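Peer 1: Contents of run-v8.txt (compact mmCIF, C-alpha atoms) are below:
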```txt
# COMPACT_ATOMS: atom_id res chain seq x y z
CA MET A 222 121.63 91.78 116.34
CA ALA A 223 122.19 93.47 119.67
CA PHE A 224 120.75 96.88 120.49
CA ARG A 225 122.97 97.38 123.54
CA LYS A 226 126.03 97.06 121.33
CA THR A 227 124.54 99.63 118.94
CA VAL A 228 123.95 102.21 121.65
CA ALA A 229 127.32 101.52 123.21
CA SER A 230 129.05 102.26 119.92
CA VAL A 231 127.17 105.53 119.49
CA VAL A 232 128.15 106.56 123.02
CA ALA A 233 131.74 105.57 122.33
CA ALA A 234 131.74 107.68 119.19
CA ALA A 235 130.50 110.64 121.22
CA ALA A 236 133.33 110.12 123.69
CA LEU A 237 135.90 110.12 120.89
CA LEU A 238 134.57 113.50 119.83
CA GLY A 239 135.32 114.85 123.29
CA THR A 240 131.79 114.79 124.66
CA SER A 241 130.29 112.89 127.55
CA THR A 242 127.00 111.06 127.85
CA ALA A 243 126.01 113.44 130.63
CA SER A 244 126.25 116.49 128.36
CA TYR A 245 125.42 114.75 125.10
CA ALA A 246 122.20 116.10 123.58
CA ALA A 247 120.01 113.27 122.34
CA THR A 248 119.78 113.02 118.57
CA GLU A 249 116.19 113.50 117.44
CA ILE A 250 114.65 111.13 114.88
CA SER A 251 111.07 110.91 113.61
CA TRP A 252 108.81 108.02 112.61
CA TRP A 253 105.74 108.58 110.46
CA HIS A 254 103.23 105.73 110.46
CA GLY A 255 99.73 104.79 109.35
CA MET A 256 98.30 103.13 112.45
CA SER A 257 95.64 104.28 114.88
CA GLY A 258 93.62 102.88 117.76
CA ARG A 259 95.32 100.32 119.96
CA ASN A 260 98.06 99.62 117.41
CA GLY A 261 98.92 103.31 117.38
CA GLU A 262 99.09 103.28 121.17
CA VAL A 263 101.49 100.33 121.12
CA ILE A 264 103.73 102.19 118.65
CA ASN A 265 103.88 105.02 121.18
CA GLU A 266 104.72 102.55 123.95
CA ILE A 267 107.54 100.99 121.91
CA SER A 268 108.93 104.44 121.16
CA GLU A 269 108.85 105.31 124.85
CA LYS A 270 110.66 102.07 125.69
CA PHE A 271 113.35 102.89 123.13
CA ASN A 272 113.82 106.40 124.49
CA ALA A 273 113.99 105.12 128.07
CA SER A 274 116.54 102.44 127.18
CA GLN A 275 119.30 104.96 126.36
CA ASP A 276 120.03 108.70 126.31
CA VAL A 277 121.72 109.01 122.91
CA CYS A 278 118.66 109.01 120.63
CA HIS A 279 115.12 110.31 120.98
CA LEU A 280 112.39 108.95 118.70
CA THR A 281 109.12 110.76 118.02
CA PRO A 282 106.32 108.75 116.35
CA VAL A 283 103.69 110.64 114.34
CA SER A 284 100.50 109.11 112.97
CA LYS A 285 99.72 110.25 109.44
CA GLY A 286 96.33 108.58 109.18
CA THR A 287 95.92 105.51 106.99
CA TYR A 288 98.60 103.50 105.23
CA GLU A 289 97.88 105.32 101.98
CA GLU A 290 97.97 108.72 103.68
CA ALA A 291 101.27 107.91 105.39
CA LEU A 292 102.85 106.87 102.09
CA ASN A 293 101.62 110.01 100.34
CA ALA A 294 102.85 112.18 103.22
CA GLY A 295 106.26 110.52 103.13
CA ILE A 296 106.65 111.01 99.37
CA ALA A 297 105.53 114.65 99.60
CA GLY A 298 107.88 115.21 102.54
CA PHE A 299 110.83 113.78 100.60
CA ARG A 300 110.13 115.99 97.59
CA ALA A 301 110.01 119.02 99.89
CA GLY A 302 113.15 118.02 101.78
CA GLU A 303 111.10 117.52 104.95
CA GLN A 304 111.01 113.73 105.11
CA PRO A 305 111.02 111.82 108.41
CA ASN A 306 113.83 109.48 109.34
CA ILE A 307 111.51 106.48 109.24
CA LEU A 308 108.35 105.86 107.21
CA GLN A 309 105.98 102.93 107.64
CA VAL A 310 104.98 101.64 104.19
CA PHE A 311 102.32 99.00 103.63
CA ASP A 312 102.88 95.93 101.48
CA ALA A 313 101.19 97.23 98.33
CA GLY A 314 103.20 100.46 98.46
CA ALA A 315 106.60 98.79 98.81
CA ALA A 316 107.53 98.97 95.12
CA THR A 317 106.69 102.67 95.02
CA ILE A 318 109.10 103.62 97.79
CA ILE A 319 111.80 101.10 96.86
CA ASN A 320 111.92 102.33 93.26
CA ALA A 321 111.90 106.03 94.15
CA LYS A 322 115.51 106.74 93.19
CA GLY A 323 117.64 107.89 96.09
CA ALA A 324 114.70 108.09 98.49
CA VAL A 325 115.66 105.39 100.98
CA ILE A 326 118.74 103.74 102.42
CA PRO A 327 118.44 99.94 102.54
CA ALA A 328 117.87 98.93 106.15
CA GLU A 329 120.54 96.26 105.92
CA ASP A 330 123.13 98.76 104.65
CA MET A 331 122.23 101.29 107.33
CA ILE A 332 122.70 98.76 110.12
CA LYS A 333 126.01 97.54 108.71
CA ASP A 334 127.22 101.10 108.11
CA ALA A 335 126.60 101.77 111.79
CA GLY A 336 129.13 99.02 112.49
CA HIS A 337 126.83 96.18 113.44
CA GLU A 338 126.20 92.65 112.32
CA PHE A 339 123.10 91.82 110.32
CA LYS A 340 121.91 88.26 109.74
CA ARG A 341 119.13 87.74 107.23
CA GLU A 342 118.65 84.17 108.40
CA ALA A 343 117.65 85.45 111.85
CA PHE A 344 114.26 86.35 110.37
CA ILE A 345 111.35 83.97 109.81
CA ASP A 346 111.44 82.73 106.21
CA GLY A 347 108.00 84.07 105.27
CA VAL A 348 109.14 87.51 106.45
CA ARG A 349 112.59 87.68 104.88
CA TYR A 350 111.88 88.36 101.23
CA PHE A 351 108.91 90.65 100.74
CA TYR A 352 110.75 93.91 101.49
CA ALA A 353 114.12 92.69 100.16
CA ASP A 354 115.68 93.00 96.72
CA SER A 355 116.10 90.11 94.31
CA ASP A 356 119.38 89.16 96.04
CA GLY A 357 117.74 89.06 99.47
CA LYS A 358 119.13 92.34 100.83
CA PHE A 359 116.68 93.98 103.27
CA ILE A 360 115.54 97.32 101.83
CA GLY A 361 112.77 97.82 104.38
CA MET A 362 112.74 96.51 107.94
CA PRO A 363 109.66 94.27 108.38
CA PHE A 364 107.48 95.59 111.20
CA ASN A 365 103.80 94.75 111.53
CA SER A 366 103.75 91.43 109.74
CA SER A 367 100.80 89.10 109.37
CA ALA A 368 99.51 86.15 107.37
CA PRO A 369 96.04 85.39 105.96
CA ILE A 370 94.64 82.54 108.04
CA MET A 371 91.31 80.80 108.57
CA TYR A 372 89.46 81.60 111.81
CA ILE A 373 87.01 78.94 112.99
CA ASN A 374 83.70 79.37 114.80
CA ASP A 375 84.04 76.41 117.16
CA GLU A 376 80.32 76.31 117.92
CA ALA A 377 79.46 76.15 114.22
CA ILE A 378 81.65 73.18 113.34
CA LYS A 379 80.50 71.35 116.47
CA LYS A 380 76.84 71.89 115.60
CA ALA A 381 77.39 70.79 111.99
CA GLY A 382 79.50 67.81 113.05
CA VAL A 383 82.44 68.72 110.80
CA GLU A 384 86.12 69.54 111.09
CA ALA A 385 87.92 72.59 109.80
CA PRO A 386 89.14 72.09 106.21
CA LYS A 387 92.76 71.78 105.15
CA THR A 388 91.96 72.15 101.46
CA TRP A 389 89.26 73.88 99.46
CA GLU A 390 88.11 70.44 98.36
CA ASP A 391 87.49 69.72 102.05
CA PHE A 392 85.54 72.96 102.33
CA GLU A 393 83.28 72.08 99.42
CA ALA A 394 82.45 68.77 101.09
CA ILE A 395 81.42 70.29 104.43
CA ALA A 396 79.96 73.66 103.39
CA PRO A 397 76.41 72.34 102.78
CA LYS A 398 76.35 70.86 106.28
CA LEU A 399 77.34 74.21 107.77
CA LYS A 400 74.63 75.93 105.77
CA ASP A 401 72.05 73.38 106.93
CA ALA A 402 73.17 74.05 110.51
CA GLY A 403 72.21 77.70 110.05
CA TYR A 404 75.56 79.31 109.30
CA VAL A 405 77.12 81.16 106.41
CA PRO A 406 79.98 78.74 105.76
CA LEU A 407 82.66 81.24 104.66
CA VAL A 408 83.55 84.93 104.51
CA GLN A 409 86.81 86.80 103.94
CA SER A 410 88.04 90.33 104.46
CA GLN A 411 90.29 91.26 101.55
CA LEU A 412 90.00 89.35 98.31
CA THR A 413 93.07 91.00 96.79
CA TRP A 414 95.44 89.94 99.58
CA GLU A 415 93.86 86.66 100.63
CA PHE A 416 92.45 85.15 97.43
CA THR A 417 94.65 86.72 94.78
CA GLU A 418 98.14 87.67 95.97
CA ASN A 419 98.43 84.88 98.51
CA PHE A 420 96.54 82.49 96.25
CA PHE A 421 99.55 82.64 93.95
CA SER A 422 101.93 82.18 96.88
CA ARG A 423 99.97 79.33 98.54
CA HIS A 424 99.89 77.48 95.22
CA ASN A 425 103.45 78.39 94.17
CA LEU A 426 102.25 80.11 91.00
CA GLN A 427 103.99 82.98 89.24
CA PHE A 428 102.18 86.29 89.78
CA ALA A 429 104.21 88.57 87.50
CA THR A 430 107.01 88.43 84.97
CA ASN A 431 110.57 89.51 85.85
CA ASN A 432 110.65 87.16 88.85
CA ASN A 433 107.36 88.49 90.23
CA GLY A 434 108.67 91.99 89.55
CA TYR A 435 111.76 91.69 91.78
CA ASP A 436 114.32 91.65 88.96
CA ALA A 437 113.25 94.71 86.98
CA VAL A 438 110.65 97.46 86.78
CA LYS A 439 110.67 97.80 83.00
CA GLY A 440 108.67 95.14 81.22
CA THR A 441 107.02 93.66 84.31
CA LYS A 442 103.55 92.32 83.56
CA ILE A 443 100.96 90.97 85.97
CA LEU A 444 99.81 87.38 85.40
CA ALA A 445 96.49 87.56 87.25
CA ASN A 446 94.51 86.22 84.31
CA SER A 447 95.54 82.61 84.94
CA PRO A 448 93.37 79.47 84.69
CA GLU A 449 93.98 78.63 88.36
CA GLN A 450 93.05 82.10 89.59
CA LYS A 451 89.91 82.20 87.46
CA MET A 452 88.97 78.78 88.80
CA MET A 453 89.18 80.16 92.36
CA TYR A 454 86.87 83.06 91.59
CA SER A 455 84.46 80.88 89.61
CA LYS A 456 84.22 78.71 92.71
CA LEU A 457 83.69 81.74 94.94
CA LYS A 458 80.91 83.01 92.71
CA ASP A 459 79.27 79.57 92.62
CA TRP A 460 79.53 79.28 96.41
CA TYR A 461 78.09 82.79 96.73
CA ASP A 462 75.14 81.96 94.48
CA ASN A 463 74.41 78.83 96.53
CA GLY A 464 74.68 80.45 99.96
CA LEU A 465 78.03 78.89 100.83
CA PHE A 466 80.06 82.11 100.72
CA GLY A 467 79.11 85.52 102.04
CA TYR A 468 80.40 88.69 100.42
CA TYR A 469 79.43 91.89 102.22
CA GLY A 470 81.63 94.37 100.35
CA ALA A 471 85.28 95.38 100.03
CA GLY A 472 85.53 96.84 103.55
CA TRP A 473 87.52 94.70 105.98
CA SER A 474 85.06 95.06 108.86
CA ASP A 475 82.08 94.45 106.56
CA ASN A 476 83.02 90.77 106.44
CA GLN A 477 84.63 90.38 109.85
CA LYS A 478 81.54 91.55 111.74
CA PRO A 479 79.21 88.65 110.85
CA PHE A 480 81.91 86.22 111.98
CA GLU A 481 82.32 88.07 115.28
CA GLU A 482 78.56 87.84 115.76
CA GLY A 483 78.65 84.06 115.41
CA LYS A 484 76.74 83.96 112.11
CA VAL A 485 79.64 82.57 110.05
CA ALA A 486 81.58 79.31 110.34
CA PHE A 487 84.92 80.33 108.77
CA TRP A 488 86.50 83.73 108.25
CA ILE A 489 89.66 84.28 106.20
CA GLY A 490 91.31 87.17 108.01
CA SER A 491 94.67 88.46 109.15
CA SER A 492 96.68 86.78 111.87
CA GLY A 493 97.19 90.36 113.05
CA SER A 494 93.45 90.56 113.84
CA PHE A 495 93.78 87.98 116.58
CA GLY A 496 94.28 90.45 119.43
CA GLY A 497 91.16 92.44 118.60
CA LEU A 498 89.11 89.35 117.82
CA ARG A 499 89.68 88.03 121.35
CA LYS A 500 87.73 91.06 122.58
CA THR A 501 84.98 91.19 119.95
CA ALA A 502 84.10 87.58 119.13
CA GLN A 503 80.81 86.50 120.68
CA MET A 504 81.71 82.79 120.55
CA PRO A 505 84.77 80.61 121.12
CA PHE A 506 87.03 80.45 118.09
CA SER A 507 90.19 78.77 116.90
CA ALA A 508 92.33 79.12 113.77
CA THR A 509 94.10 77.11 111.09
CA PHE A 510 96.09 77.62 107.90
CA LEU A 511 94.70 79.23 104.75
CA PRO A 512 93.32 76.33 102.68
CA TYR A 513 94.65 75.49 99.23
CA TRP A 514 93.48 73.47 96.23
CA ASN A 515 94.97 69.99 96.38
CA SER A 516 94.21 69.68 92.66
CA ILE A 517 96.85 72.32 91.79
CA GLU A 518 100.27 70.77 91.45
CA GLY A 519 102.81 72.23 93.89
CA ALA A 520 100.17 73.73 96.20
CA GLY A 521 100.63 74.00 99.95
CA THR A 522 103.62 76.34 100.08
CA ASN A 523 103.89 79.15 102.59
CA THR A 524 102.15 82.49 102.28
CA PHE A 525 104.02 85.77 102.46
CA ILE A 526 103.48 88.59 104.89
CA GLY A 527 100.98 91.38 104.81
CA GLY A 528 101.15 94.50 106.90
CA ALA A 529 103.97 96.99 106.55
CA ALA A 530 107.69 97.66 106.89
CA LEU A 531 109.80 100.59 108.05
CA PHE A 532 111.94 102.43 105.51
CA ALA A 533 114.81 104.79 106.33
CA PHE A 534 114.80 107.96 104.25
CA SER A 535 118.05 109.23 102.82
CA GLY A 536 119.32 112.80 103.18
CA LYS A 537 119.81 112.66 106.94
CA PRO A 538 122.99 113.26 108.99
CA LYS A 539 125.01 110.20 110.00
CA ALA A 540 124.13 110.67 113.68
CA GLU A 541 120.44 110.38 112.80
CA ASN A 542 121.05 107.38 110.55
CA ASP A 543 122.95 105.69 113.40
CA CYS A 544 119.99 106.31 115.70
CA THR A 545 117.61 104.88 113.10
CA ALA A 546 119.85 101.81 112.90
CA ALA A 547 119.82 101.62 116.70
CA PHE A 548 116.03 101.73 116.72
CA PHE A 549 115.80 98.98 114.10
CA GLU A 550 118.07 96.86 116.31
CA PHE A 551 115.93 97.61 119.36
CA LEU A 552 112.71 96.89 117.46
CA THR A 553 113.92 93.47 116.30
CA SER A 554 115.16 92.33 119.70
CA PRO A 555 113.32 89.22 120.98
CA GLU A 556 111.83 91.03 123.96
CA VAL A 557 110.38 93.92 121.96
CA GLN A 558 109.09 91.63 119.23
CA PHE A 559 107.38 89.42 121.83
CA PHE A 560 105.83 92.52 123.41
CA TRP A 561 104.54 93.67 120.00
CA HIS A 562 103.27 90.16 119.20
CA LYS A 563 101.26 89.87 122.43
CA ALA A 564 99.94 93.43 122.34
CA THR A 565 98.73 93.42 118.73
CA GLY A 566 98.54 89.89 117.33
CA TYR A 567 101.10 90.59 114.59
CA VAL A 568 103.70 87.86 114.25
CA PRO A 569 107.19 88.12 115.74
CA ILE A 570 109.50 88.61 112.78
CA THR A 571 112.60 86.83 114.10
CA LYS A 572 113.20 83.21 115.02
CA ALA A 573 114.60 84.26 118.40
CA ALA A 574 111.42 86.17 119.25
CA TYR A 575 109.30 83.21 118.21
CA GLN A 576 111.41 80.94 120.41
CA LEU A 577 110.96 83.33 123.34
CA ALA A 578 107.19 83.24 122.86
CA GLN A 579 107.25 79.44 122.75
CA GLU A 580 109.40 79.14 125.86
CA SER A 581 107.15 81.53 127.77
CA GLY A 582 104.18 79.19 127.32
CA TYR A 583 102.22 81.86 125.47
CA TYR A 584 100.96 79.51 122.77
CA LYS A 585 99.66 77.02 125.30
CA GLU A 586 97.44 79.81 126.56
CA VAL A 587 96.44 81.11 123.10
CA PRO A 588 97.30 78.59 120.34
CA GLN A 589 95.54 80.75 117.75
CA ALA A 590 98.36 83.27 118.01
CA GLU A 591 100.86 80.75 116.61
CA VAL A 592 98.97 79.79 113.44
CA GLY A 593 100.16 82.70 111.32
CA ILE A 594 103.80 82.12 112.29
CA LYS A 595 103.62 78.42 111.47
CA GLN A 596 102.04 79.21 108.10
CA LEU A 597 104.83 81.66 107.26
CA MET A 598 107.34 78.96 108.18
CA LEU A 599 105.89 76.31 105.86
CA PRO A 600 108.21 75.14 103.06
CA GLY A 601 108.52 77.84 100.42
CA GLY A 602 108.57 77.63 96.64
CA GLU A 603 109.96 79.59 93.74
CA TRP A 604 106.92 81.90 93.70
CA SER A 605 105.95 82.10 97.37
CA LYS A 606 108.19 85.01 98.42
CA GLY A 607 105.86 87.81 97.35
CA TYR A 608 105.69 90.32 94.51
CA ARG A 609 107.14 93.72 93.62
CA MET A 610 104.87 95.79 91.36
CA GLY A 611 104.64 99.55 91.08
CA PHE A 612 101.35 101.45 91.36
CA TYR A 613 100.06 98.32 93.08
CA PRO A 614 97.59 100.20 95.34
CA GLN A 615 95.92 101.36 92.11
CA ILE A 616 96.01 97.82 90.72
CA ARG A 617 94.29 96.63 93.89
CA GLU A 618 91.57 99.22 93.29
CA VAL A 619 90.99 97.78 89.82
CA MET A 620 90.77 94.28 91.29
CA GLU A 621 88.30 95.33 94.00
CA ARG A 622 86.11 97.07 91.44
CA GLU A 623 86.02 94.00 89.20
CA PHE A 624 85.47 91.59 92.10
CA ASN A 625 82.50 93.65 93.25
CA LYS A 626 81.11 93.44 89.72
CA ILE A 627 81.50 89.64 89.69
CA PHE A 628 79.34 89.23 92.81
CA ALA A 629 76.86 91.83 91.56
CA ASN A 630 76.42 89.85 88.29
CA GLU A 631 77.75 92.83 86.33
CA THR A 632 80.63 90.95 84.71
CA SER A 633 81.90 87.44 84.23
CA VAL A 634 84.99 86.00 85.86
CA ASP A 635 86.71 85.78 82.47
CA ASP A 636 85.95 89.40 81.59
CA ALA A 637 86.90 90.63 85.07
CA PHE A 638 90.37 89.11 84.93
CA LYS A 639 90.90 90.22 81.35
CA THR A 640 90.19 93.77 82.51
CA ILE A 641 92.40 93.40 85.60
CA GLU A 642 95.33 92.25 83.50
CA GLU A 643 94.85 94.89 80.81
CA GLU A 644 94.47 97.81 83.24
CA GLY A 645 97.10 96.41 85.58
CA ASN A 646 99.69 96.20 82.83
CA LYS A 647 98.94 99.77 81.71
CA LEU A 648 99.59 100.92 85.29
CA LEU A 649 102.82 98.93 85.38
CA GLU A 650 103.95 100.55 82.13
CA ARG A 651 103.22 104.00 83.55
CA PHE A 652 105.14 103.18 86.71
CA ALA A 653 108.15 101.98 84.70
CA LYS A 654 108.28 105.41 83.02
CA THR A 655 108.09 107.29 86.31
CA ALA A 656 110.77 105.06 87.85
CA GLY A 657 113.12 105.92 85.01
```
Once you've parsed the file, please lay out its structure as structure tokens.

Peer 2:
Amino acid sequence: MAFRKTVASVVAAAALLGTSTASYAATEISWWHGMSGRNGEVINEISEKFNASQDVCHLTPVSKGTYEEALNAGIAGFRAGEQPNILQVFDAGAATIINAKGAVIPAEDMIKDAGHEFKREAFIDGVRYFYADSDGKFIGMPFNSSAPIMYINDEAIKKAGVEAPKTWEDFEAIAPKLKDAGYVPLVQSQLTWEFTENFFSRHNLQFATNNNGYDAVKGTKILANSPEQKMMYSKLKDWYDNGLFGYYGAGWSDNQKPFEEGKVAFWIGSSGSFGGLRKTAQMPFSATFLPYWNSIEGAGTNTFIGGAALFAFSGKPKAENDCTAAFFEFLTSPEVQFFWHKATGYVPITKAAYQLAQESGYYKEVPQAEVGIKQLMLPGGEWSKGYRMGFYPQIREVMEREFNKIFANETSVDDAFKTIEEEGNKLLERFAKTAG
């Protein structure tokens, strides 16, 4: 994919219409997103770079608050006929926007309709499928992509005389030594993403019927109430009761903070947290892959991405759609992806961008930044591509409620997952009705 070719074709089209680039008024497009802080600043910087790179299109980014608020704003805007050209949608909201009939134009179609080549295989394997349809066509353009990885307090493992675990069996063997050395052995930041959704992916286990929800909306049922998943949470509860696992609530920062303060040996967090962690960690740290249970047959496959993708709303003039396609091309160029990767910690989504980062020597300087990419590039399995379930943000809320109750001794693991599956399937049934 070549952005220069995209812009050149738009300029050429303007010339055919009897205009010149000197008098050509830039086509305005808008981008609503759910990022703030430094990540929001980098979005502004990327938009400025795009606008400065050509004079055909002008992109205006607008923060709409959180991921959830951005999704709600986008849906409300579409219903009112005031939708943006581009909407950032987080992983759990993907099914909602993809199954909103007529709401979006598949990113792959938009780029091809603008007259440009699109190669799915140019993208890292762990990135390619989550926002695609069951045939692999890109519906959303992956943007801020990350993987759940294990961060390591280097001082803790040195003091305890242990090595970072590759499997959860390894963790069980060394956790008491870390506790005796004065550390909480393990924390995590989002049980739903790290120990449920990606548990199924890491162990190549089916998460929902209908090909994990990719093949059809109607009749899709969640398969969270599995023996393997309940085993994971029974272990977590046992580790928690014995001081080997710390659970400080459902808030991301609630669990990240004690790791930053050097009180915890291992933190399961996002590879996209790396940039911020370099500034906040009070001790040297490294990183490794998300562990898996060696006892589960087929385990060790790749994880899928978290984060969000960009979706192109329908109902816009062709000139605006061509500019959206041009921006997607610009955004996925190796140089821009490398810039985004370094500035935020999110992974580069294309193989060319990853190669550029390697050749620059970046990973020799900060090897932690490469862990998430390598994990996404591990061999995949039938069930490691992700999931596609409607009303999934609400399903996550059910999971978080039940997980909190497990650690508060208000419910058993068996009852929690029975409830998750029952309420989750009711939500899926409701979504199937709304999706037609």

Peer 1: Give me the segment 391-482 of chain A side of the contact with segment 634-639 of chain A, cut-off 10 Å, one line per residue showing its nearest atom pair and distance in Å at one decimal, counting all atoms listed in the file, sorted by chain and residue number, as CSV.

Peer 2:
```
residue,atom,partner,partner_atom,distance
A:Leu444,CA,A:Phe638,CA,9.6
A:Ala445,CA,A:Phe638,CA,6.7
A:Asn446,CA,A:Phe638,CA,5.1
A:Ser447,CA,A:Phe638,CA,8.3
A:Pro448,CA,A:Asp635,CA,9.4
A:Gln450,CA,A:Phe638,CA,8.8
A:Lys451,CA,A:Val634,CA,6.4
A:Met452,CA,A:Val634,CA,8.8
A:Met453,CA,A:Val634,CA,9.7
A:Tyr454,CA,A:Val634,CA,6.7
A:Ser455,CA,A:Val634,CA,6.4
A:Lys458,CA,A:Val634,CA,8.5
```

Peer 1: Write out, as a compact mmCIF listing (two decimals), keeping the file's coordinate frame, the residues just selected, with C-alpha atoms.

Peer 2:
```
# COMPACT_ATOMS: atom_id res chain seq x y z
CA LEU A 444 99.81 87.38 85.40
CA ALA A 445 96.49 87.56 87.25
CA ASN A 446 94.51 86.22 84.31
CA SER A 447 95.54 82.61 84.94
CA PRO A 448 93.37 79.47 84.69
CA GLN A 450 93.05 82.10 89.59
CA LYS A 451 89.91 82.20 87.46
CA MET A 452 88.97 78.78 88.80
CA MET A 453 89.18 80.16 92.36
CA TYR A 454 86.87 83.06 91.59
CA SER A 455 84.46 80.88 89.61
CA LYS A 458 80.91 83.01 92.71
```

Peer 1: Give me, as an mmCIF file with C-alpha atoms, in the frame of the given file, all polymer residues having an atom no more than 6 Å from Ile526 of chain A, counting all atoms listed in the file and skipping those fewer than 2 positions away in the same chain.

Peer 2:
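Full text of selection13.cif as output:
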```cif
data_model
loop_
_atom_site.group_PDB
_atom_site.id
_atom_site.type_symbol
_atom_site.label_atom_id
_atom_site.label_comp_id
_atom_site.auth_asym_id
_atom_site.auth_seq_id
_atom_site.Cartn_x
_atom_site.Cartn_y
_atom_site.Cartn_z
ATOM 1 C CA VAL A 348 109.140 87.510 106.450
ATOM 2 C CA SER A 366 103.750 91.430 109.740
ATOM 3 C CA SER A 367 100.800 89.100 109.370
ATOM 4 C CA ALA A 368 99.510 86.150 107.370
#
```

Peer 1: Which is closer to Tyr372 of chain A than all the others in A:Gln503, A:Asn625, A:Gln427, A:Gln409, using all atoms listed in the file?

Peer 2: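 Closest candidate: A:Gln409.
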
Peer 1: Please identify all polymer residues within 12 Å of Gly472 of chain A, counting all atoms listed in the file, omitting same-chain residues fewer than 3 positions from it, and present them as an NGL selection string.

Peer 2: :A and (409-413 or 468-469 or 475-478 or 621 or 625)

Peer 1: Rounded to one decimal, what separation in Å do you get between atom CA of Val310 of chain A and atom CA of Asn293 of chain A?

Peer 2: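 We find that atom CA of Val310 of chain A and atom CA of Asn293 of chain A lie 9.8 Å from each other.
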
Peer 1: Restricting the calculation to all atoms listed in the file, which member of A:Thr388, A:Gln309, A:Asn542, A:Asn431 is positioned closest to Tyr352 of chain A?

Peer 2: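 Smallest separation from Tyr352 of chain A among the options: A:Gln309.
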
Peer 1: As number ranges by chain, please: the residues near Val383 of chain A (cut-off 9 Å, all atoms listed in the file, same-chain neighbours under 6 positions excluded).

Peer 2: A: 377, 395, 398-399

Peer 1: Could you check which of A:Ile489, A:Glu518, A:Lys442, A:Gln589 is closest to Glu643 of chain A, using all atoms listed in the file?

Peer 2: A:Lys442

Peer 1: For segment 314-330 of chain A, please output as a compact mmCIF listing (two decimals) with C-alpha atoms, in the frame of the given file all residues within 10 Å (counting all atoms listed in the file; exclusion window: fewer than 5 positions along the same chain).

Peer 2:
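Below is the file that was written, selection_22.txt:
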```txt
# COMPACT_ATOMS: atom_id res chain seq x y z
CA TYR A 288 98.60 103.50 105.23
CA GLU A 289 97.88 105.32 101.98
CA LEU A 292 102.85 106.87 102.09
CA ASN A 293 101.62 110.01 100.34
CA GLY A 295 106.26 110.52 103.13
CA ILE A 296 106.65 111.01 99.37
CA PHE A 299 110.83 113.78 100.60
CA ARG A 300 110.13 115.99 97.59
CA GLN A 304 111.01 113.73 105.11
CA ASN A 306 113.83 109.48 109.34
CA ILE A 307 111.51 106.48 109.24
CA LEU A 308 108.35 105.86 107.21
CA GLN A 309 105.98 102.93 107.64
CA ALA A 335 126.60 101.77 111.79
CA GLY A 336 129.13 99.02 112.49
CA HIS A 337 126.83 96.18 113.44
CA GLU A 338 126.20 92.65 112.32
CA PHE A 339 123.10 91.82 110.32
CA LYS A 340 121.91 88.26 109.74
CA ARG A 341 119.13 87.74 107.23
CA PHE A 351 108.91 90.65 100.74
CA TYR A 352 110.75 93.91 101.49
CA ALA A 353 114.12 92.69 100.16
CA ASP A 354 115.68 93.00 96.72
CA LYS A 358 119.13 92.34 100.83
CA PHE A 359 116.68 93.98 103.27
CA ILE A 360 115.54 97.32 101.83
CA GLY A 361 112.77 97.82 104.38
CA MET A 362 112.74 96.51 107.94
CA PRO A 363 109.66 94.27 108.38
CA GLY A 434 108.67 91.99 89.55
CA TYR A 435 111.76 91.69 91.78
CA ALA A 437 113.25 94.71 86.98
CA VAL A 438 110.65 97.46 86.78
CA ALA A 529 103.97 96.99 106.55
CA ALA A 530 107.69 97.66 106.89
CA LEU A 531 109.80 100.59 108.05
CA PHE A 532 111.94 102.43 105.51
CA ALA A 533 114.81 104.79 106.33
CA PHE A 534 114.80 107.96 104.25
CA SER A 535 118.05 109.23 102.82
CA GLY A 536 119.32 112.80 103.18
CA ASN A 542 121.05 107.38 110.55
CA THR A 545 117.61 104.88 113.10
CA ALA A 546 119.85 101.81 112.90
CA PHE A 549 115.80 98.98 114.10
CA TYR A 608 105.69 90.32 94.51
CA ARG A 609 107.14 93.72 93.62
CA MET A 610 104.87 95.79 91.36
CA GLY A 611 104.64 99.55 91.08
CA PHE A 612 101.35 101.45 91.36
CA TYR A 613 100.06 98.32 93.08
CA PRO A 614 97.59 100.20 95.34
CA GLN A 615 95.92 101.36 92.11
CA PHE A 652 105.14 103.18 86.71
CA ALA A 653 108.15 101.98 84.70
CA THR A 655 108.09 107.29 86.31
CA ALA A 656 110.77 105.06 87.85
CA GLY A 657 113.12 105.92 85.01
```

Peer 1: Check the smallest atom-to-atom distance from each of A:Phe344, A:Phe466, A:Tyr350, A:Phe510 to Gly527 of chain A using only C-alpha atoms, then report the winner.

Peer 2: A:Tyr350

Peer 1: Atom CA of Trp252 of chain A and atom CA of Ser268 of chain A are how many Å apart?

Peer 2: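 About the pair atom CA of Trp252 of chain A and atom CA of Ser268 of chain A: they are 9.3 Å apart.
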
Peer 1: Using only C-alpha atoms for the distances, tell me which of A:Ser251, A:Asn374, A:Ser257, A:Ser422 is nearest to Phe480 of chain A.

Peer 2: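 Ranked by minimum distance to Phe480 of chain A, first place goes to A:Asn374.
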
Peer 1: Counting all atoms listed in the file, figure out which residue out of A:Arg259, A:Lys387, A:Arg423, A:Arg349 gets nearest to Gly602 of chain A.

Peer 2: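 Smallest separation from Gly602 of chain A among the options: A:Arg423.
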